[in-house]
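What follows is a set of notes on a single structure, which appears directly below.
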Amino acid sequence: MGNFFKKLGNFIKWMLIVLIAGSILLVFMHKYVPVYFSPLMFIRVYEQIAEGREIKMEHKWIPMEEIPQELPLACVSCEDQNYLNHNGFDWDAIKKVLDERESGERFRGGSTISQQTAKNVFLFPTSSSGSIAWMRKGLEAYYTILIETFWSKQRIMEVYLNTIEMGDGIYGAQAVAQKHFGRDAKDLTREQCALIAVSLPNPLKFNSGNPSSYMYKRQAWCLKQMKWLGKFPMTPEEQKEMEEAKAPKE
C-alpha cells in the first residue's frame with residue numbers, strides 16, 4: 001500500500017510539472033503568435049449549434065499598428081484606468097468591489113484588462129459557483145501573473161483588442177469595425193472607439209452599432225475620461241517616455 005501511494009504521489013507531481021510547464025510554454029508562445037481562436041469563441045459556437053441558431057463568428061487578427069490609438073485609450077478609460085501602473089491586479093478596485101458587496105450596494109466587476117485577457121484566451125467561461133468558481137478564479141490569477149511576466153502591456157492590449165467579445169458572434173477590433181461601422185479598425189473615429197468601449201461590460205446587450213440613449217451618455221463620459229488620460233502608448237518606447245514625463249523632477 002505504501003508503494004502505491006508513493007507511485008501516486010510521483011504521478012501527481014509529474015502531472016503538475018507537465019501542466020505548469022505546458023501553461024508557461026503556451027503563454028510564451030502567444031507572446032509572438034496571434035490568437036486566432038479562443039475558448040469563448042468555441043463556447044459561443046457550441047451554444048449557437050445547441051440552440052439551432054445560425055453560426056456567427058466574425059474574427060480577424062490585426063497587429064497593434066492597425067488599431068487606432070483611440071481604441072485602447074477608450075478601453076483603458078472605461079475598463080481599467082490604472083492599466084499601465086498595476087501588475088495585473090487593481091487592489092484598490094478589488095477593495096471597492098468587496099466594500100460595495102458587503103454594504104449591499106450595486107457594484108461592477110473589479111477585473112483588470114490583464115485578468116480579462118487571461119480569462120478570454122486561456123480559460124473556458126463557466127457559470128459555476130462554489131469550489132469550481134474559486135478554482136477558476138485561481139487559474140485566472142495564475143494566467144494573469146504569467147502574461148504580466150512574459151508579455152508587455154502593449155502585447156496584453158493587442159491580444160485583448162483582438163479576442164474580446166464585442167457583439168453577437170463578433171470578436172476583436174477589426175470584426176466590430178467592419179460589422180458595426182462598415183470600415184476597417186484603423187479608420188474608426190474617436191467617438192466610435194468610445195462606443196465600442198462602453199459596450200464591453202455586456203456586448204450582447206449593448207450594441208455599439210445601434211447605441212441606446214444610455215450608451216450615448218456613457219460615450220460622453222468615456223470621451224471626457226479619454227481627454228483627461230491623454231493617450232495610450234502604442235510602443236514600449238512611448239510608454240517609457242510617458243513614465244519619464246510623469247516622474248517627479250529633482
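As shown in the C-alpha cells, the chain order sets the letters A, B, ...; within each chain, residues go from 1, and ligands are also counted from 1 in the order they appear.
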Pick out the residues sitting within 7 Å of range 155-172 of chain A, and hand them over as a compact mmCIF listing (two decimals) with all heavy atoms, in the first residue's frame; count only C-alpha atoms, and ignore anything fewer than 2 positions along from it in its own chain.
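Now in around14.txt:
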```txt
# COMPACT_ATOMS: atom_id res chain seq x y z
N LYS A 56 -22.52 32.28 -36.00
CA LYS A 56 -21.92 33.59 -36.24
C LYS A 56 -20.57 33.64 -35.55
O LYS A 56 -20.48 33.45 -34.33
CB LYS A 56 -22.81 34.70 -35.66
CG LYS A 56 -24.17 34.85 -36.30
CD LYS A 56 -24.94 35.99 -35.63
CE LYS A 56 -26.32 36.17 -36.21
NZ LYS A 56 -27.06 37.27 -35.51
N MET A 57 -19.53 33.90 -36.32
CA MET A 57 -18.21 34.08 -35.72
C MET A 57 -17.36 34.94 -36.64
O MET A 57 -16.81 34.46 -37.63
CB MET A 57 -17.50 32.77 -35.44
CG MET A 57 -16.52 32.92 -34.28
SD MET A 57 -15.23 31.66 -34.19
CE MET A 57 -14.09 32.27 -35.42
N GLU A 58 -17.33 36.22 -36.33
CA GLU A 58 -16.55 37.17 -37.10
C GLU A 58 -15.29 37.49 -36.30
O GLU A 58 -15.37 38.01 -35.19
CB GLU A 58 -17.35 38.45 -37.35
CG GLU A 58 -18.67 38.25 -38.05
CD GLU A 58 -18.50 37.90 -39.52
OE1 GLU A 58 -17.41 38.17 -40.08
OE2 GLU A 58 -19.46 37.37 -40.11
N HIS A 59 -14.13 37.18 -36.87
CA HIS A 59 -12.88 37.44 -36.16
C HIS A 59 -11.73 37.51 -37.15
O HIS A 59 -11.60 36.63 -38.00
CB HIS A 59 -12.59 36.36 -35.12
CG HIS A 59 -11.29 36.54 -34.41
ND1 HIS A 59 -10.27 35.61 -34.46
CD2 HIS A 59 -10.82 37.56 -33.63
CE1 HIS A 59 -9.24 36.04 -33.74
NE2 HIS A 59 -9.55 37.20 -33.24
N TRP A 61 -7.56 38.68 -36.85
CA TRP A 61 -6.46 39.26 -36.08
C TRP A 61 -5.77 40.35 -36.89
O TRP A 61 -5.48 40.18 -38.07
CB TRP A 61 -5.44 38.17 -35.72
CG TRP A 61 -4.26 38.70 -34.98
CD1 TRP A 61 -3.16 39.32 -35.49
CD2 TRP A 61 -4.05 38.65 -33.56
NE1 TRP A 61 -2.29 39.66 -34.50
CE2 TRP A 61 -2.80 39.27 -33.30
CE3 TRP A 61 -4.80 38.15 -32.49
CZ2 TRP A 61 -2.28 39.40 -32.02
CZ3 TRP A 61 -4.28 38.27 -31.21
CH2 TRP A 61 -3.04 38.89 -30.99
N MET A 64 -1.16 45.61 -33.70
CA MET A 64 -1.44 46.85 -32.96
C MET A 64 -1.31 48.07 -33.87
O MET A 64 -2.01 49.07 -33.67
CB MET A 64 -0.47 46.96 -31.79
CG MET A 64 -0.89 47.92 -30.71
SD MET A 64 -2.34 47.36 -29.79
CE MET A 64 -2.22 48.39 -28.35
N SER A 114 -5.86 42.95 -17.94
CA SER A 114 -4.97 41.77 -17.91
C SER A 114 -5.74 40.52 -17.49
O SER A 114 -5.58 39.45 -18.09
CB SER A 114 -3.80 42.02 -16.95
OG SER A 114 -3.04 43.13 -17.35
N THR A 117 -8.06 39.41 -20.26
CA THR A 117 -7.31 38.78 -21.34
C THR A 117 -6.94 37.35 -20.98
O THR A 117 -7.09 36.43 -21.79
CB THR A 117 -6.04 39.58 -21.64
OG1 THR A 117 -6.40 40.94 -21.96
CG2 THR A 117 -5.29 38.98 -22.83
N ASN A 120 -10.14 35.26 -21.18
CA ASN A 120 -10.64 35.06 -22.54
C ASN A 120 -9.78 34.08 -23.35
O ASN A 120 -10.30 33.29 -24.13
CB ASN A 120 -10.70 36.40 -23.29
CG ASN A 120 -11.78 37.31 -22.77
OD1 ASN A 120 -12.74 36.85 -22.15
ND2 ASN A 120 -11.63 38.60 -23.02
N TRP A 151 4.62 38.94 -21.11
CA TRP A 151 4.18 39.88 -22.15
C TRP A 151 4.38 41.32 -21.70
O TRP A 151 4.41 41.61 -20.52
CB TRP A 151 2.69 39.68 -22.47
CG TRP A 151 2.30 38.34 -22.98
CD1 TRP A 151 3.11 37.27 -23.22
CD2 TRP A 151 0.97 37.91 -23.29
NE1 TRP A 151 2.38 36.19 -23.66
CE2 TRP A 151 1.06 36.56 -23.72
CE3 TRP A 151 -0.27 38.52 -23.26
CZ2 TRP A 151 -0.07 35.83 -24.11
CZ3 TRP A 151 -1.39 37.80 -23.65
CH2 TRP A 151 -1.29 36.47 -24.07
N SER A 152 4.48 42.21 -22.68
CA SER A 152 4.47 43.64 -22.37
C SER A 152 3.03 44.11 -22.23
O SER A 152 2.09 43.40 -22.62
CB SER A 152 5.16 44.41 -23.50
OG SER A 152 4.40 44.32 -24.70
N LYS A 153 2.85 45.30 -21.70
CA LYS A 153 1.50 45.88 -21.62
C LYS A 153 0.91 46.06 -23.02
O LYS A 153 -0.30 45.89 -23.22
CB LYS A 153 1.54 47.23 -20.90
CG LYS A 153 1.78 47.13 -19.40
CD LYS A 153 0.57 46.56 -18.68
CE LYS A 153 0.75 46.65 -17.17
NZ LYS A 153 -0.42 46.14 -16.42
N GLN A 174 -11.15 44.55 -35.48
CA GLN A 174 -11.40 44.55 -36.91
C GLN A 174 -12.82 44.08 -37.23
O GLN A 174 -13.52 44.68 -38.06
CB GLN A 174 -10.38 43.67 -37.64
CG GLN A 174 -10.53 43.61 -39.16
CD GLN A 174 -10.14 44.90 -39.86
OE1 GLN A 174 -9.95 45.94 -39.24
NE2 GLN A 174 -10.04 44.85 -41.17
N ALA A 175 -13.26 43.03 -36.56
CA ALA A 175 -14.59 42.48 -36.82
C ALA A 175 -15.69 43.47 -36.44
O ALA A 175 -16.64 43.68 -37.19
CB ALA A 175 -14.78 41.16 -36.05
N VAL A 176 -15.56 44.11 -35.27
CA VAL A 176 -16.61 45.04 -34.85
C VAL A 176 -16.61 46.30 -35.72
O VAL A 176 -17.66 46.87 -36.02
CB VAL A 176 -16.46 45.41 -33.35
CG1 VAL A 176 -15.31 46.38 -33.11
CG2 VAL A 176 -17.76 45.99 -32.81
N LEU A 200 -18.47 47.09 -23.81
CA LEU A 200 -17.73 45.89 -23.39
C LEU A 200 -18.21 45.23 -22.10
O LEU A 200 -18.08 44.00 -21.98
CB LEU A 200 -16.23 46.22 -23.28
CG LEU A 200 -15.55 46.58 -24.61
CD1 LEU A 200 -14.07 46.81 -24.40
CD2 LEU A 200 -15.80 45.50 -25.66
N PRO A 203 -21.46 43.17 -24.18
CA PRO A 203 -21.59 43.41 -25.62
C PRO A 203 -22.77 42.71 -26.28
O PRO A 203 -23.15 43.06 -27.40
CB PRO A 203 -20.26 42.91 -26.18
CG PRO A 203 -19.80 41.89 -25.19
CD PRO A 203 -20.25 42.41 -23.86
N LEU A 204 -23.37 41.72 -25.60
CA LEU A 204 -24.55 41.07 -26.15
C LEU A 204 -25.81 41.88 -25.87
O LEU A 204 -26.84 41.70 -26.52
CB LEU A 204 -24.70 39.65 -25.57
CG LEU A 204 -23.55 38.69 -25.86
CD1 LEU A 204 -23.85 37.32 -25.29
CD2 LEU A 204 -23.27 38.59 -27.35
N ASN A 207 -25.20 47.30 -28.06
CA ASN A 207 -24.75 47.20 -29.44
C ASN A 207 -24.10 48.52 -29.85
O ASN A 207 -24.78 49.54 -29.98
CB ASN A 207 -25.95 46.89 -30.34
CG ASN A 207 -25.55 46.62 -31.78
OD1 ASN A 207 -24.53 47.12 -32.26
ND2 ASN A 207 -26.34 45.84 -32.47
```
Requested in this report: Would you list the contacts of range 14-30 of chain A as a list in words, taking every protein, DNA or RNA residue within 7 Å and counting only C-alpha atoms, but skipping same-chain residues closer than 3 positions in sequence?
Outcome: Asn10, Phe11, Val33, Pro34, Val35, Leu146, Ile147 and Phe150 of chain A
Let me see the file: selected residues, N, CA, C and O atoms, as a CSV table (one decimal), in the first residue's frame.
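New file again_27.csv:
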```
chain,number,residue,atom,x,y,z
A,10,ASN,N,4.2,10.4,-7.0
A,10,ASN,CA,5.1,10.7,-8.1
A,10,ASN,C,4.3,11.1,-9.4
A,10,ASN,O,4.7,12.0,-10.1
A,11,PHE,N,3.2,10.4,-9.6
A,11,PHE,CA,2.4,10.6,-10.8
A,11,PHE,C,1.8,12.1,-10.7
A,11,PHE,O,1.8,12.8,-11.7
A,33,VAL,N,2.8,34.6,-31.2
A,33,VAL,CA,1.8,34.0,-32.1
A,33,VAL,C,0.4,34.6,-31.9
A,33,VAL,O,0.0,34.6,-30.8
A,34,PRO,N,-0.2,35.1,-33.0
A,34,PRO,CA,-1.6,35.6,-32.8
A,34,PRO,C,-2.5,34.5,-32.2
A,34,PRO,O,-2.4,33.3,-32.4
A,35,VAL,N,-3.6,35.0,-31.6
A,35,VAL,CA,-4.6,34.1,-31.0
A,35,VAL,C,-5.8,34.1,-32.0
A,35,VAL,O,-6.5,35.1,-32.1
A,146,LEU,N,1.3,35.2,-15.3
A,146,LEU,CA,2.1,34.7,-16.4
A,146,LEU,C,2.2,35.7,-17.5
A,146,LEU,O,3.3,36.0,-18.0
A,147,ILE,N,1.0,36.2,-17.9
A,147,ILE,CA,1.1,37.2,-19.0
A,147,ILE,C,1.7,38.5,-18.6
A,147,ILE,O,2.4,39.2,-19.4
A,150,PHE,N,5.5,37.6,-18.8
A,150,PHE,CA,6.1,37.3,-20.1
A,150,PHE,C,5.8,38.3,-21.2
A,150,PHE,O,6.5,38.4,-22.2
```
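Across A:Lys60, A:Lys31, A:Lys205, A:Arg53, the tightest approach to Asp184 in chain A is made by A:Lys60 when counting only C-alpha atoms.
Using only C-alpha atoms, the protein and nucleic acid residues lying no more than 12 Å from Asn82 in chain A, apart from those fewer than 6 places from it along its own chain, are A:Leu73, A:Cys75, A:Val76, A:Gly88, A:Phe89, A:Asp90, A:Trp91, A:Asp92, A:Ala93, A:Gly110, A:Ser111, A:Thr112, A:Ile113, A:Ser114, A:Lys153, A:Leu229, A:Phe232.
Proximity ranking of A:Asn87, A:Leu139, A:Ala133, A:Gln69 relative to Leu188 in chain A places A:Gln69 first, based on only C-alpha atoms.
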Requested in this report: Determine which residues of range 3-100 of chain A DSSP labels as alpha helix (DSSP H) from the backbone of this structure, then write them out as an MDAnalysis selection string.
Outcome: chainID A and resid 3:29 39:50 70:79 91:100
Query raised in the report: Contacts of Glu140 in chain A at 9 Å or less, counting only C-alpha atoms, minus same-chain residues fewer than 5 places along, as a ChimeraX atom specification?
Result: /A:115-116,118-119,122-123,135,145
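Between CA of Ser38 in chain A and CA of Leu195 in chain A the interatomic distance comes to 23.8 Å.
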**Report entry** Residue list (strand (DSSP E), DSSP) for range 29-213 of chain A, as a list in words
**Finding:** Glu58, His59, Glu165, Met166, Gly167, Ile170 and Tyr171 of chain A
Take the residues from that selection and put them in a file with C-alpha atoms, as a short mmCIF file (atom, residue, chain, number, x, y, z; two decimals), in the first residue's frame.
```
data_model
loop_
_atom_site.label_atom_id
_atom_site.label_comp_id
_atom_site.auth_asym_id
_atom_site.auth_seq_id
_atom_site.Cartn_x
_atom_site.Cartn_y
_atom_site.Cartn_z
CA GLU A 58 -16.55 37.17 -37.10
CA HIS A 59 -12.88 37.44 -36.16
CA GLU A 165 -16.26 39.68 -27.43
CA MET A 166 -17.65 42.89 -28.97
CA GLY A 167 -21.09 41.72 -30.12
CA ILE A 170 -18.13 39.43 -33.10
CA TYR A 171 -14.62 39.24 -31.66
#
```
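The shell of residues at most 12 Å from Leu223 in chain A, with only C-alpha atoms counted and near chain neighbours (fewer than 3 positions) removed, consists of Glu70, Leu71, Leu73, Ala74, Cys75, Val76, Ser77, Cys78, Thr189, Arg190, Glu191, Gln192, Cys193, Ala194, Leu195, Ile196, Ala197, Val198, Tyr216, Lys217, Arg218, Gln219, Ala220, Met226, Lys227, Trp228, Leu229, Gly230 and Lys231 of chain A.
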I need the chosen residues saved as an mmCIF file, in the first residue's frame, with N, CA, C and O atoms.
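The result, written out as part.cif:
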```
data_model
loop_
_atom_site.group_PDB
_atom_site.id
_atom_site.type_symbol
_atom_site.label_atom_id
_atom_site.label_comp_id
_atom_site.auth_asym_id
_atom_site.auth_seq_id
_atom_site.Cartn_x
_atom_site.Cartn_y
_atom_site.Cartn_z
ATOM 1 N N GLU A 70 -6.951 55.574 -30.292
ATOM 2 C CA GLU A 70 -8.133 55.937 -29.507
ATOM 3 C C GLU A 70 -8.855 54.724 -28.934
ATOM 4 O O GLU A 70 -9.545 54.835 -27.914
ATOM 5 N N LEU A 71 -8.741 53.532 -29.565
ATOM 6 C CA LEU A 71 -9.464 52.365 -29.058
ATOM 7 C C LEU A 71 -8.876 51.840 -27.756
ATOM 8 O O LEU A 71 -9.616 51.650 -26.784
ATOM 9 N N LEU A 73 -7.110 53.515 -25.733
ATOM 10 C CA LEU A 73 -7.316 54.618 -24.798
ATOM 11 C C LEU A 73 -8.743 54.591 -24.249
ATOM 12 O O LEU A 73 -8.962 54.777 -23.043
ATOM 13 N N ALA A 74 -9.720 54.349 -25.127
ATOM 14 C CA ALA A 74 -11.117 54.281 -24.692
ATOM 15 C C ALA A 74 -11.339 53.109 -23.752
ATOM 16 O O ALA A 74 -12.047 53.234 -22.736
ATOM 17 N N CYS A 75 -10.741 51.962 -24.052
ATOM 18 C CA CYS A 75 -10.915 50.780 -23.197
ATOM 19 C C CYS A 75 -10.280 50.988 -21.828
ATOM 20 O O CYS A 75 -10.853 50.597 -20.801
ATOM 21 N N VAL A 76 -9.104 51.599 -21.801
ATOM 22 C CA VAL A 76 -8.468 51.907 -20.518
ATOM 23 C C VAL A 76 -9.323 52.900 -19.751
ATOM 24 O O VAL A 76 -9.523 52.763 -18.533
ATOM 25 N N SER A 77 -9.859 53.908 -20.434
ATOM 26 C CA SER A 77 -10.678 54.934 -19.794
ATOM 27 C C SER A 77 -11.915 54.340 -19.136
ATOM 28 O O SER A 77 -12.312 54.752 -18.042
ATOM 29 N N CYS A 78 -12.534 53.364 -19.807
ATOM 30 C CA CYS A 78 -13.790 52.787 -19.315
ATOM 31 C C CYS A 78 -13.595 51.571 -18.424
ATOM 32 O O CYS A 78 -14.374 51.353 -17.493
ATOM 33 N N THR A 189 -13.376 56.281 -35.778
ATOM 34 C CA THR A 189 -13.263 57.614 -35.190
ATOM 35 C C THR A 189 -13.139 57.502 -33.681
ATOM 36 O O THR A 189 -13.375 56.441 -33.084
ATOM 37 N N ARG A 190 -12.791 58.604 -33.054
ATOM 38 C CA ARG A 190 -12.678 58.657 -31.594
ATOM 39 C C ARG A 190 -14.021 58.326 -30.946
ATOM 40 O O ARG A 190 -14.082 57.589 -29.957
ATOM 41 N N GLU A 191 -15.108 58.860 -31.519
ATOM 42 C CA GLU A 191 -16.442 58.625 -30.983
ATOM 43 C C GLU A 191 -16.854 57.159 -31.117
ATOM 44 O O GLU A 191 -17.481 56.596 -30.218
ATOM 45 N N GLN A 192 -16.508 56.525 -32.234
ATOM 46 C CA GLN A 192 -16.826 55.111 -32.430
ATOM 47 C C GLN A 192 -16.032 54.234 -31.475
ATOM 48 O O GLN A 192 -16.559 53.252 -30.938
ATOM 49 N N CYS A 193 -14.782 54.590 -31.224
ATOM 50 C CA CYS A 193 -13.970 53.846 -30.264
ATOM 51 C C CYS A 193 -14.589 53.914 -28.868
ATOM 52 O O CYS A 193 -14.619 52.917 -28.144
ATOM 53 N N ALA A 194 -15.096 55.080 -28.509
ATOM 54 C CA ALA A 194 -15.739 55.235 -27.205
ATOM 55 C C ALA A 194 -17.004 54.387 -27.116
ATOM 56 O O ALA A 194 -17.280 53.771 -26.080
ATOM 57 N N LEU A 195 -17.786 54.322 -28.194
ATOM 58 C CA LEU A 195 -18.994 53.486 -28.204
ATOM 59 C C LEU A 195 -18.647 52.013 -28.032
ATOM 60 O O LEU A 195 -19.329 51.285 -27.311
ATOM 61 N N ILE A 196 -17.598 51.574 -28.705
ATOM 62 C CA ILE A 196 -17.169 50.174 -28.563
ATOM 63 C C ILE A 196 -16.777 49.899 -27.117
ATOM 64 O O ILE A 196 -17.164 48.890 -26.529
ATOM 65 N N ALA A 197 -16.021 50.808 -26.522
ATOM 66 C CA ALA A 197 -15.535 50.610 -25.157
ATOM 67 C C ALA A 197 -16.684 50.528 -24.156
ATOM 68 O O ALA A 197 -16.661 49.695 -23.246
ATOM 69 N N VAL A 198 -17.699 51.381 -24.307
ATOM 70 C CA VAL A 198 -18.796 51.367 -23.333
ATOM 71 C C VAL A 198 -19.708 50.161 -23.517
ATOM 72 O O VAL A 198 -20.513 49.852 -22.629
ATOM 73 N N TYR A 216 -25.081 56.450 -25.311
ATOM 74 C CA TYR A 216 -24.600 57.781 -25.692
ATOM 75 C C TYR A 216 -24.160 58.580 -24.468
ATOM 76 O O TYR A 216 -23.181 59.339 -24.517
ATOM 77 N N LYS A 217 -24.879 58.405 -23.352
ATOM 78 C CA LYS A 217 -24.475 59.070 -22.111
ATOM 79 C C LYS A 217 -23.129 58.530 -21.640
ATOM 80 O O LYS A 217 -22.255 59.286 -21.212
ATOM 81 N N ARG A 218 -22.983 57.208 -21.708
ATOM 82 C CA ARG A 218 -21.710 56.597 -21.318
ATOM 83 C C ARG A 218 -20.591 56.998 -22.277
ATOM 84 O O ARG A 218 -19.448 57.185 -21.859
ATOM 85 N N GLN A 219 -20.917 57.137 -23.551
ATOM 86 C CA GLN A 219 -19.922 57.577 -24.534
ATOM 87 C C GLN A 219 -19.392 58.963 -24.179
ATOM 88 O O GLN A 219 -18.183 59.211 -24.242
ATOM 89 N N ALA A 220 -20.300 59.873 -23.807
ATOM 90 C CA ALA A 220 -19.883 61.231 -23.439
ATOM 91 C C ALA A 220 -18.942 61.198 -22.237
ATOM 92 O O ALA A 220 -17.925 61.908 -22.196
ATOM 93 N N MET A 226 -11.125 59.986 -21.722
ATOM 94 C CA MET A 226 -10.066 59.870 -22.728
ATOM 95 C C MET A 226 -9.275 61.165 -22.840
ATOM 96 O O MET A 226 -8.043 61.160 -22.948
ATOM 97 N N LYS A 227 -9.991 62.284 -22.815
ATOM 98 C CA LYS A 227 -9.327 63.589 -22.887
ATOM 99 C C LYS A 227 -8.440 63.799 -21.672
ATOM 100 O O LYS A 227 -7.322 64.333 -21.774
ATOM 101 N N TRP A 228 -8.925 63.355 -20.504
ATOM 102 C CA TRP A 228 -8.154 63.510 -19.271
ATOM 103 C C TRP A 228 -6.901 62.629 -19.280
ATOM 104 O O TRP A 228 -5.816 63.065 -18.886
ATOM 105 N N LEU A 229 -7.032 61.377 -19.761
ATOM 106 C CA LEU A 229 -5.893 60.457 -19.774
ATOM 107 C C LEU A 229 -4.874 60.820 -20.847
ATOM 108 O O LEU A 229 -3.692 60.536 -20.703
ATOM 109 N N GLY A 230 -5.334 61.409 -21.938
ATOM 110 C CA GLY A 230 -4.411 61.909 -22.953
ATOM 111 C C GLY A 230 -4.129 60.962 -24.096
ATOM 112 O O GLY A 230 -4.578 61.164 -25.214
ATOM 113 N N LYS A 231 -3.383 59.887 -23.828
ATOM 114 C CA LYS A 231 -3.039 58.944 -24.894
ATOM 115 C C LYS A 231 -2.661 57.599 -24.295
ATOM 116 O O LYS A 231 -2.350 57.486 -23.106
#
```
**Report entry** Nearest to Tyr36 in chain A, chosen from A:Lys179, A:Pro72, A:Ile132, A:Val121, with only C-alpha atoms counted in the distances
**Finding:** A:Val121
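CA of Glu51 in chain A sits 17.7 Å away from CA of Pro125 in chain A.
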Query - Straight-line distance linking CA of Ala185 in chain A with CA of Glu66 in chain A, stated in Å to one decimal - result: 6.8 Å
**Report entry** Selection near Ile55 in chain A, 9 Å with only C-alpha atoms, sequence-local residues under 4 positions removed, as a list in words
**Finding:** Arg44, Val45, Tyr46, Gln48, Ile49 and Gly169 of chain A
